[in-house]
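Written out below as structure tokens is the structure these notes cover.
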Amino acid sequence: MLKSLYVSSFVIIDKMKIDFQEGMSVITGETGAGKSIVIDAIGQLCGNRSSASFVKKGCSEAVIEGVFDVTVTPQLEVICQQLHIEADDEFIITKNIQSNGKSQVKINYQSSTHNALKLLMPYLIDIHSQFETQKLFAQKNHILLLDEYAKDELQDLFLDYQTQFQQYKDIQQHLNQTIQEDMSDEQLDFLKSQLKEIEEVSYTDDEIDRFEEELKILQNYEKMNESIRNFEQLMNNGQGVLPKLKEATYEIQSLSSYQEFEEPVESIQNLYYNLLDITENILDTYRSFHFDEYRFNELQDILFKVNRLKRKYGFTMQNIQEYHDELIQKIQTIENREEYILQLQNKLQQQEKKTKDIAMQMHHIRKKYAKKFEADIHQELQDLYLDKAIFKVQIKESQMLQPLGCTDVQFMVSINQGQDLSLLNETASGGEISRIMLAIKTTILEYNSIDTIIFDEIDTGVSGKVATKIGEKMKKTALKKQVICITHLPQVAALADYHYCIEKKSTDDETITSIHLLDSNQKIIEIAKMLSGETMTQEAIANAKKLLDA
């Protein structure tokens, strides 16, 4: 559940902290007070795109932070492993939006990305808005809603299908490219010339590194020779470091008989012998070098060819080797074109069958759940005073493999008795669409593990007893999940366990939005305002009390 939400310098919100509870919470307030801004802030935590316009005027950044209590499920653990984050029972999601539009995301105070939020947050929270209701009009979304309902039985199979379908598409693409690719004799000669060019310089990246180091030494041999001569002169001649240091050790040799000088005298002697060894090692290493003009030219030639290959085929020898392998594959394909195409066609047929088998398993599961889904939706619609409505899930097998399988799904509805089934946007009114979507949503939510549901003004277009019934649906959902609702309806607000009110105050310089939790008396006043408008009447107060006592 969403434990708390902190919002700072976001649109017209200066600073706001809301502590949410279990059960059903409603947020009310005048139009334009900022109710939807709170939902927009939560949407930012879910990975929605940021904008500089979200930062309050005159501020450098907006900060949004949500604290979530989480029930860790196996699916959530898998997502957390993919994101390399700990699957804990508390998640702290933070988003900072800069005035230039850039933003930073943190999950449990560790830097993360918007894509990570998009993967993680659907397991923590579900935001159901009027925009979500519009999704019913697009047939492509119907199969997604049905799959969400059947997720427990379908999910593992669907993941397997996605893997097999991608392999099928890859083979299909490779086959099409092979058929369309230029495979003339001229192309074959060109590929063979490239292969020969690469094979003439068959070195590894490690070998190239050693060649470059060797060439560097040869290029600087004269300068190195001069440095070594000067070094040897300074170290070994009569007035050099080593003879003088040796002479110094003889001078203090007699002091070693005194305990106080024993250790430092020994240290100087060790220093002399260590320095002598180091000097000899440097000179021996130098003596192992010799300038070989033939080798010098050979290395230059090798590295010239290598650099030319890198410019043409890749930045490293590993890249060039990979291209070398591709060339061999292409040459073999051209030389055995008909046989290779036949192999690909057979491979495609086998992969198509394997993918189709999984798709058909999914299709049968969808058909089974479609009947159950229809029955559940029918019951929900009756509760929402659409008792004459018929909700139908039309399922057809598609002959072509698609990203979601081989099933076409379409929701059809008949609102009034005797009316033919038709598409939702052809016959249903706005209020009826809201109720149908609520029925679908509450049915699906019954079977998933999301702890927090937000309903953002989904009760638009309804009133009276229908409004009360919508509120009762949310209240029922709140017995198992945390429900947060933005509403204009007093019938819905009266059913809440917790009632928050958003207020907007304007000065000459700015507009500021604030929110506070209402006590029992404040609830009565707020609901009375929702019933009567700005003019408060005793009748409205009495009706508000009745709604709260009902």
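To be explicit about the labels: the chains of the structure tokens are called A, B, and onward in the order shown, and within each one the residues are counted from 1, while ligands get numbers from 1 in the order they are shown.
For Thr279 (chain A), the residues within 12 Å (counting only C-alpha atoms, excluding itself and residues fewer than 6 positions away along the chain) are Ile228, Phe231, Glu232, Gln233, Leu234, Met235, Asn236, Val241, Leu242, Tyr272, Tyr273, Thr285 and Tyr286 of chain A.
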Skip Lys95 (chain A) itself and residues of its chain fewer than 5 positions away, then list as an mmCIF file with N, CA and C atoms, in the first residue's frame all residues within 10 Å of it, counting only C-alpha atoms.
data_model
loop_
_atom_site.group_PDB
_atom_site.id
_atom_site.type_symbol
_atom_site.label_atom_id
_atom_site.label_comp_id
_atom_site.auth_asym_id
_atom_site.auth_seq_id
_atom_site.Cartn_x
_atom_site.Cartn_y
_atom_site.Cartn_z
ATOM 1 N N VAL A 7 5.295 15.732 -1.766
ATOM 2 C CA VAL A 7 5.378 16.486 -3.016
ATOM 3 C C VAL A 7 5.869 17.885 -2.684
ATOM 4 N N ALA A 41 1.355 13.571 -9.777
ATOM 5 C CA ALA A 41 2.589 13.357 -9.012
ATOM 6 C C ALA A 41 2.841 11.870 -8.815
ATOM 7 N N GLN A 44 4.119 10.349 -11.906
ATOM 8 C CA GLN A 44 5.556 10.537 -12.108
ATOM 9 C C GLN A 44 6.350 9.416 -11.453
ATOM 10 N N LEU A 45 5.893 8.950 -10.295
ATOM 11 C CA LEU A 45 6.564 7.830 -9.624
ATOM 12 C C LEU A 45 6.379 6.526 -10.394
ATOM 13 N N CYS A 46 5.379 6.502 -11.272
ATOM 14 C CA CYS A 46 5.127 5.290 -12.069
ATOM 15 C C CYS A 46 5.870 5.309 -13.401
ATOM 16 N N GLY A 47 6.670 6.371 -13.628
ATOM 17 C CA GLY A 47 7.481 6.415 -14.844
ATOM 18 C C GLY A 47 6.939 7.296 -15.947
ATOM 19 N N SER A 50 8.498 13.322 -17.712
ATOM 20 C CA SER A 50 8.636 14.566 -16.954
ATOM 21 C C SER A 50 8.647 15.760 -17.911
ATOM 22 N N ALA A 62 11.435 20.126 -8.653
ATOM 23 C CA ALA A 62 10.299 19.516 -7.950
ATOM 24 C C ALA A 62 10.747 18.165 -7.411
ATOM 25 N N VAL A 63 10.246 17.805 -6.231
ATOM 26 C CA VAL A 63 10.598 16.530 -5.608
ATOM 27 C C VAL A 63 9.316 15.779 -5.284
ATOM 28 N N ILE A 64 9.283 14.509 -5.676
ATOM 29 C CA ILE A 64 8.146 13.632 -5.363
ATOM 30 C C ILE A 64 8.705 12.355 -4.760
ATOM 31 N N GLU A 65 8.148 11.933 -3.630
ATOM 32 C CA GLU A 65 8.626 10.702 -2.987
ATOM 33 C C GLU A 65 7.433 9.930 -2.437
ATOM 34 N N GLY A 66 7.386 8.656 -2.771
ATOM 35 C CA GLY A 66 6.337 7.778 -2.270
ATOM 36 C C GLY A 66 6.937 6.612 -1.507
ATOM 37 N N SER A 103 15.366 14.878 -15.247
ATOM 38 C CA SER A 103 14.908 14.292 -13.983
ATOM 39 C C SER A 103 15.817 13.166 -13.540
ATOM 40 N N GLN A 104 15.784 12.879 -12.245
ATOM 41 C CA GLN A 104 16.539 11.760 -11.665
ATOM 42 C C GLN A 104 15.579 10.877 -10.879
ATOM 43 N N VAL A 105 15.796 9.580 -10.983
ATOM 44 C CA VAL A 105 14.937 8.590 -10.326
ATOM 45 C C VAL A 105 15.782 7.794 -9.336
ATOM 46 N N LYS A 106 15.217 7.529 -8.171
ATOM 47 C CA LYS A 106 15.875 6.659 -7.195
ATOM 48 C C LYS A 106 14.866 5.657 -6.652
ATOM 49 N N ILE A 107 15.323 4.427 -6.516
ATOM 50 C CA ILE A 107 14.533 3.364 -5.890
ATOM 51 C C ILE A 107 15.295 2.927 -4.647
ATOM 52 N N SER A 111 20.217 5.174 -7.443
ATOM 53 C CA SER A 111 19.878 5.754 -8.750
ATOM 54 C C SER A 111 19.291 4.691 -9.667
ATOM 55 N N SER A 112 18.245 5.084 -10.395
ATOM 56 C CA SER A 112 17.578 4.149 -11.288
ATOM 57 C C SER A 112 17.096 4.905 -12.524
ATOM 58 N N THR A 113 16.168 4.305 -13.282
ATOM 59 C CA THR A 113 15.720 4.888 -14.551
ATOM 60 C C THR A 113 14.198 4.896 -14.628
ATOM 61 N N HIS A 114 13.679 5.662 -15.590
ATOM 62 C CA HIS A 114 12.234 5.685 -15.827
ATOM 63 C C HIS A 114 11.742 4.315 -16.300
#
Please report as a tab-separated table every residue of region 312-398 of chain A lying within 8 Å of region 143-152 of chain A, along with the nearest atom pair and their distance in Å (one decimal), using only C-alpha atoms.
residue	atom	partner	partner_atom	distance
A:Ile365	CA	A:Ala150	CA	7.8
A:Arg366	CA	A:Ala150	CA	7.2
A:Tyr369	CA	A:Ala150	CA	6.3
A:Ala370	CA	A:Leu146	CA	7.1
A:Phe373	CA	A:Tyr149	CA	7.6
Strand (DSSP E) residues, from DSSP on the backbone, in region 332-469 of chain A, as number ranges by chain
A: 390-402, 405-414, 452-456
Since we have the selection now, will you write its residues out, keeping N, CA and C atoms, as an mmCIF file, in the first residue's frame?
data_model
loop_
_atom_site.group_PDB
_atom_site.id
_atom_site.type_symbol
_atom_site.label_atom_id
_atom_site.label_comp_id
_atom_site.auth_asym_id
_atom_site.auth_seq_id
_atom_site.Cartn_x
_atom_site.Cartn_y
_atom_site.Cartn_z
ATOM 1 N N ILE A 390 -25.951 -6.917 -21.639
ATOM 2 C CA ILE A 390 -25.284 -8.183 -21.979
ATOM 3 C C ILE A 390 -23.855 -7.846 -22.399
ATOM 4 N N PHE A 391 -22.905 -8.487 -21.758
ATOM 5 C CA PHE A 391 -21.495 -8.285 -22.080
ATOM 6 C C PHE A 391 -20.968 -9.568 -22.708
ATOM 7 N N LYS A 392 -20.394 -9.470 -23.884
ATOM 8 C CA LYS A 392 -19.943 -10.644 -24.623
ATOM 9 C C LYS A 392 -18.486 -10.493 -25.032
ATOM 10 N N VAL A 393 -17.716 -11.555 -24.817
ATOM 11 C CA VAL A 393 -16.322 -11.600 -25.267
ATOM 12 C C VAL A 393 -16.273 -12.469 -26.519
ATOM 13 N N GLN A 394 -16.095 -11.825 -27.658
ATOM 14 C CA GLN A 394 -16.002 -12.564 -28.910
ATOM 15 C C GLN A 394 -14.545 -12.977 -29.140
ATOM 16 N N ILE A 395 -14.353 -14.276 -29.338
ATOM 17 C CA ILE A 395 -13.002 -14.811 -29.534
ATOM 18 C C ILE A 395 -12.943 -15.567 -30.856
ATOM 19 N N LYS A 396 -11.947 -15.205 -31.653
ATOM 20 C CA LYS A 396 -11.740 -15.894 -32.927
ATOM 21 C C LYS A 396 -10.280 -16.298 -33.036
ATOM 22 N N GLU A 397 -10.072 -17.438 -33.665
ATOM 23 C CA GLU A 397 -8.698 -17.884 -33.906
ATOM 24 C C GLU A 397 -8.147 -17.180 -35.135
ATOM 25 N N SER A 398 -6.992 -16.573 -34.983
ATOM 26 C CA SER A 398 -6.333 -15.914 -36.107
ATOM 27 C C SER A 398 -5.419 -16.913 -36.811
ATOM 28 N N GLN A 399 -5.400 -16.849 -38.123
ATOM 29 C CA GLN A 399 -4.552 -17.765 -38.885
ATOM 30 C C GLN A 399 -3.079 -17.353 -38.838
ATOM 31 N N MET A 400 -2.854 -16.087 -38.568
ATOM 32 C CA MET A 400 -1.480 -15.588 -38.516
ATOM 33 C C MET A 400 -1.005 -15.489 -37.078
ATOM 34 N N LEU A 401 0.264 -15.801 -36.882
ATOM 35 C CA LEU A 401 0.857 -15.622 -35.563
ATOM 36 C C LEU A 401 1.084 -14.134 -35.313
ATOM 37 N N GLN A 402 0.681 -13.686 -34.139
ATOM 38 C CA GLN A 402 0.790 -12.287 -33.760
ATOM 39 C C GLN A 402 1.586 -12.180 -32.462
ATOM 40 N N GLY A 405 -0.214 -13.927 -29.759
ATOM 41 C CA GLY A 405 -0.716 -15.277 -29.993
ATOM 42 C C GLY A 405 -1.474 -15.363 -31.298
ATOM 43 N N CYS A 406 -2.491 -16.208 -31.308
ATOM 44 C CA CYS A 406 -3.306 -16.371 -32.520
ATOM 45 C C CYS A 406 -4.784 -16.178 -32.179
ATOM 46 N N THR A 407 -5.051 -15.238 -31.274
ATOM 47 C CA THR A 407 -6.405 -14.995 -30.806
ATOM 48 C C THR A 407 -6.790 -13.544 -31.047
ATOM 49 N N ASP A 408 -7.961 -13.331 -31.644
ATOM 50 C CA ASP A 408 -8.549 -12.000 -31.758
ATOM 51 C C ASP A 408 -9.669 -11.897 -30.730
ATOM 52 N N VAL A 409 -9.623 -10.850 -29.910
ATOM 53 C CA VAL A 409 -10.610 -10.657 -28.843
ATOM 54 C C VAL A 409 -11.311 -9.324 -29.048
ATOM 55 N N GLN A 410 -12.625 -9.343 -28.898
ATOM 56 C CA GLN A 410 -13.395 -8.102 -29.006
ATOM 57 C C GLN A 410 -14.541 -8.134 -28.000
ATOM 58 N N PHE A 411 -14.667 -7.041 -27.233
ATOM 59 C CA PHE A 411 -15.761 -6.923 -26.276
ATOM 60 C C PHE A 411 -16.965 -6.304 -26.988
ATOM 61 N N MET A 412 -18.103 -6.946 -26.854
ATOM 62 C CA MET A 412 -19.353 -6.445 -27.406
ATOM 63 C C MET A 412 -20.344 -6.256 -26.260
ATOM 64 N N VAL A 413 -21.287 -5.341 -26.452
ATOM 65 C CA VAL A 413 -22.232 -5.059 -25.381
ATOM 66 C C VAL A 413 -23.597 -4.706 -25.951
ATOM 67 N N SER A 414 -24.595 -5.099 -25.226
ATOM 68 C CA SER A 414 -25.970 -4.678 -25.488
ATOM 69 C C SER A 414 -26.491 -4.087 -24.187
ATOM 70 N N THR A 452 -2.513 -1.380 -4.064
ATOM 71 C CA THR A 452 -3.062 -0.026 -4.080
ATOM 72 C C THR A 452 -3.739 0.260 -5.415
ATOM 73 N N ILE A 453 -5.012 0.709 -5.338
ATOM 74 C CA ILE A 453 -5.774 1.077 -6.521
ATOM 75 C C ILE A 453 -6.184 2.536 -6.394
ATOM 76 N N ILE A 454 -5.935 3.311 -7.448
ATOM 77 C CA ILE A 454 -6.356 4.705 -7.467
ATOM 78 C C ILE A 454 -7.416 4.885 -8.558
ATOM 79 N N PHE A 455 -8.581 5.394 -8.170
ATOM 80 C CA PHE A 455 -9.653 5.708 -9.106
ATOM 81 C C PHE A 455 -9.706 7.228 -9.258
ATOM 82 N N ASP A 456 -9.389 7.716 -10.443
ATOM 83 C CA ASP A 456 -9.335 9.161 -10.689
ATOM 84 C C ASP A 456 -10.573 9.610 -11.465
#
Write out as a PyMOL selection string which residues come within 9 Å of His324 (chain A) when counting only C-alpha atoms, dropping same-chain ones fewer than 2 positions away.
chain A and resi 194-195+198-199+313+319-322+326-329
Go ahead and dump the residues you just picked, C-alpha atoms, as a PDB file, in the first residue's frame.
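This is the output file result-v7.pdb:
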ATOM      1  CA  GLN A 194      37.307  -9.094 -48.206  1.00  0.00           C
ATOM      2  CA  LEU A 195      37.859 -12.480 -46.579  1.00  0.00           C
ATOM      3  CA  ILE A 198      41.208 -10.114 -43.304  1.00  0.00           C
ATOM      4  CA  GLU A 199      42.929 -13.501 -43.240  1.00  0.00           C
ATOM      5  CA  TYR A 313      35.418  -3.682 -40.625  1.00  0.00           C
ATOM      6  CA  ASN A 319      34.974  -7.080 -34.305  1.00  0.00           C
ATOM      7  CA  ILE A 320      36.977  -7.956 -37.402  1.00  0.00           C
ATOM      8  CA  GLN A 321      36.905 -11.653 -36.470  1.00  0.00           C
ATOM      9  CA  GLU A 322      33.130 -11.490 -36.087  1.00  0.00           C
ATOM     10  CA  GLU A 326      29.856 -13.420 -41.211  1.00  0.00           C
ATOM     11  CA  LEU A 327      31.751 -13.372 -44.514  1.00  0.00           C
ATOM     12  CA  ILE A 328      32.276 -17.130 -44.375  1.00  0.00           C
ATOM     13  CA  GLN A 329      28.562 -17.590 -43.690  1.00  0.00           C
TER      14      GLN A 329
END
Env of Thr204 (chain A): 7 Å cut, atoms = only C-alpha atoms, seq-sep filter 3 positions within chain, self excluded. Answer as a ChimeraX atom specification.
/A:207-208,317
Resulting file, chosen residues, N, CA and C atoms, as a PDB file, in the first residue's frame:
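Below is the file part25.pdb, written as the result:
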ATOM      1  N   GLU A 207      47.870  -9.463 -29.256  1.00  0.00           N
ATOM      2  CA  GLU A 207      49.076  -9.431 -30.099  1.00  0.00           C
ATOM      3  C   GLU A 207      49.296  -8.032 -30.668  1.00  0.00           C
ATOM      4  N   ILE A 208      48.206  -7.384 -31.056  1.00  0.00           N
ATOM      5  CA  ILE A 208      48.329  -6.019 -31.594  1.00  0.00           C
ATOM      6  C   ILE A 208      48.855  -5.073 -30.525  1.00  0.00           C
ATOM      7  N   MET A 317      40.106  -6.164 -33.150  1.00  0.00           N
ATOM      8  CA  MET A 317      40.324  -7.414 -33.890  1.00  0.00           C
ATOM      9  C   MET A 317      39.182  -8.398 -33.637  1.00  0.00           C
TER      10      MET A 317
END
Using only C-alpha atoms, which of the listed residues (A:Gly58, A:Pro74, A:Gly418, A:Gly471) sits closest to Leu438 (chain A)?
A:Gly471
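Among the candidate residues A:Gln162, A:Thr427, A:Ser36, A:Gln417, the one lying nearest to Met362 (chain A) is A:Gln162, with distances computed using only C-alpha atoms.
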Between A:Ser267, A:Thr28, A:Asn108, A:Gln382, single out the one closest to Pro490 (chain A), counting only C-alpha atoms.
A:Thr28
Tell me which protein, DNA and RNA residues are within 10 Å of Lys35 (chain A), counting only C-alpha atoms, leaving out same-chain ones fewer than 3 positions away, and put them as an mmCIF file with N, CA and C atoms, in the first residue's frame.
data_model
loop_
_atom_site.group_PDB
_atom_site.id
_atom_site.type_symbol
_atom_site.label_atom_id
_atom_site.label_comp_id
_atom_site.auth_asym_id
_atom_site.auth_seq_id
_atom_site.Cartn_x
_atom_site.Cartn_y
_atom_site.Cartn_z
ATOM 1 N N ILE A 27 -10.339 11.830 -2.009
ATOM 2 C CA ILE A 27 -9.779 13.174 -2.086
ATOM 3 C C ILE A 27 -10.789 14.036 -2.832
ATOM 4 N N THR A 28 -11.248 15.094 -2.181
ATOM 5 C CA THR A 28 -12.227 15.989 -2.794
ATOM 6 C C THR A 28 -11.697 17.412 -2.770
ATOM 7 N N GLY A 29 -12.388 18.283 -3.437
ATOM 8 C CA GLY A 29 -12.004 19.688 -3.502
ATOM 9 C C GLY A 29 -12.634 20.340 -4.703
ATOM 10 N N GLU A 30 -12.600 21.639 -4.730
ATOM 11 C CA GLU A 30 -13.191 22.371 -5.844
ATOM 12 C C GLU A 30 -12.468 22.048 -7.150
ATOM 13 N N THR A 31 -13.174 22.251 -8.252
ATOM 14 C CA THR A 31 -12.557 22.085 -9.563
ATOM 15 C C THR A 31 -11.379 23.056 -9.700
ATOM 16 N N GLY A 32 -10.222 22.510 -10.105
ATOM 17 C CA GLY A 32 -9.033 23.336 -10.253
ATOM 18 C C GLY A 32 -8.205 23.468 -8.998
ATOM 19 N N VAL A 38 -2.259 15.766 -7.733
ATOM 20 C CA VAL A 38 -1.766 14.725 -6.827
ATOM 21 C C VAL A 38 -1.600 13.410 -7.586
ATOM 22 N N ILE A 39 -2.592 13.087 -8.434
ATOM 23 C CA ILE A 39 -2.508 11.862 -9.238
ATOM 24 C C ILE A 39 -1.375 11.977 -10.256
ATOM 25 N N ASP A 40 -1.188 13.181 -10.811
ATOM 26 C CA ASP A 40 -0.069 13.384 -11.743
ATOM 27 C C ASP A 40 1.272 13.146 -11.040
ATOM 28 N N ASP A 456 -9.389 7.716 -10.443
ATOM 29 C CA ASP A 456 -9.335 9.161 -10.689
ATOM 30 C C ASP A 456 -10.573 9.610 -11.465
ATOM 31 N N GLU A 457 -11.613 10.042 -10.715
ATOM 32 C CA GLU A 457 -12.838 10.588 -11.293
ATOM 33 C C GLU A 457 -13.453 9.659 -12.333
ATOM 34 N N ILE A 486 -10.380 9.873 -6.299
ATOM 35 C CA ILE A 486 -10.666 11.284 -6.563
ATOM 36 C C ILE A 486 -12.114 11.355 -7.033
ATOM 37 N N THR A 487 -12.936 12.143 -6.370
ATOM 38 C CA THR A 487 -14.359 12.143 -6.718
ATOM 39 C C THR A 487 -14.990 13.512 -6.520
ATOM 40 N N CYS A 501 -9.220 16.663 1.946
ATOM 41 C CA CYS A 501 -9.736 17.802 1.180
ATOM 42 C C CYS A 501 -8.567 18.639 0.666
ATOM 43 N N ILE A 502 -8.601 18.947 -0.622
ATOM 44 C CA ILE A 502 -7.588 19.804 -1.240
ATOM 45 C C ILE A 502 -8.157 21.207 -1.385
ATOM 46 N N GLU A 503 -7.366 22.186 -0.984
ATOM 47 C CA GLU A 503 -7.775 23.583 -1.087
ATOM 48 C C GLU A 503 -6.721 24.377 -1.844
ATOM 49 N N THR A 513 -1.528 25.080 -3.333
ATOM 50 C CA THR A 513 -2.484 24.019 -3.009
ATOM 51 C C THR A 513 -2.033 23.301 -1.745
ATOM 52 N N ILE A 515 -3.437 20.171 1.375
ATOM 53 C CA ILE A 515 -4.355 19.059 1.619
ATOM 54 C C ILE A 515 -4.359 18.739 3.104
#
Could you pull out all residues of region 118-286 of chain A with a DSSP call of alpha helix (DSSP H) and give them as a PyMOL selection string?
chain A and resi 118-120+130-134+142-149+151-180+185-199+205-219+221-236+241-251+259-286
Go through A:Phe291, A:Gln219, A:Asp451, A:Val201 one by one, measure the shortest atom-to-atom distance of each to Lys305 (chain A) using only C-alpha atoms, and give the residue with the smallest value.
A:Val201
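Nearest to Gln167 (chain A) of all the residues A:Ile18, A:Ile93, A:Leu348, A:Ala428 is A:Leu348, counting only C-alpha atoms.
Here CA of Glu77 (chain A) stands at a distance of 27.6 Å from CA of Met24 (chain A).
Going from CA of Tyr123 (chain A) over to CA of Gln482 (chain A), you cover 13.6 Å.
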For Asp301 (chain A), please output as an mmCIF file with C-alpha atoms, in the first residue's frame all residues within 12 Å (counting only C-alpha atoms; exclusion window: fewer than 5 positions along the same chain).
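Output below, filename selection_2.cif:
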data_model
loop_
_atom_site.group_PDB
_atom_site.id
_atom_site.type_symbol
_atom_site.label_atom_id
_atom_site.label_comp_id
_atom_site.auth_asym_id
_atom_site.auth_seq_id
_atom_site.Cartn_x
_atom_site.Cartn_y
_atom_site.Cartn_z
ATOM 1 C CA GLU A 200 46.230 -11.911 -44.270
ATOM 2 C CA VAL A 201 46.268 -10.090 -40.928
ATOM 3 C CA PHE A 211 53.224 -5.028 -31.508
ATOM 4 C CA GLU A 212 52.333 -1.418 -30.718
ATOM 5 C CA LEU A 215 57.140 -0.423 -32.230
ATOM 6 C CA TYR A 294 63.767 -5.096 -40.733
ATOM 7 C CA ARG A 295 61.594 -5.669 -37.647
ATOM 8 C CA PHE A 296 60.841 -1.959 -37.453
ATOM 9 C CA VAL A 306 45.503 -3.626 -39.054
ATOM 10 C CA ASN A 307 44.390 0.020 -38.839
ATOM 11 C CA ARG A 308 43.074 -0.140 -42.383
#
Find, counting only C-alpha atoms, the residue in A:Gly23, A:Ala544, A:Leu344, A:Leu218 that gets nearest to Thr477 (chain A).
A:Gly23
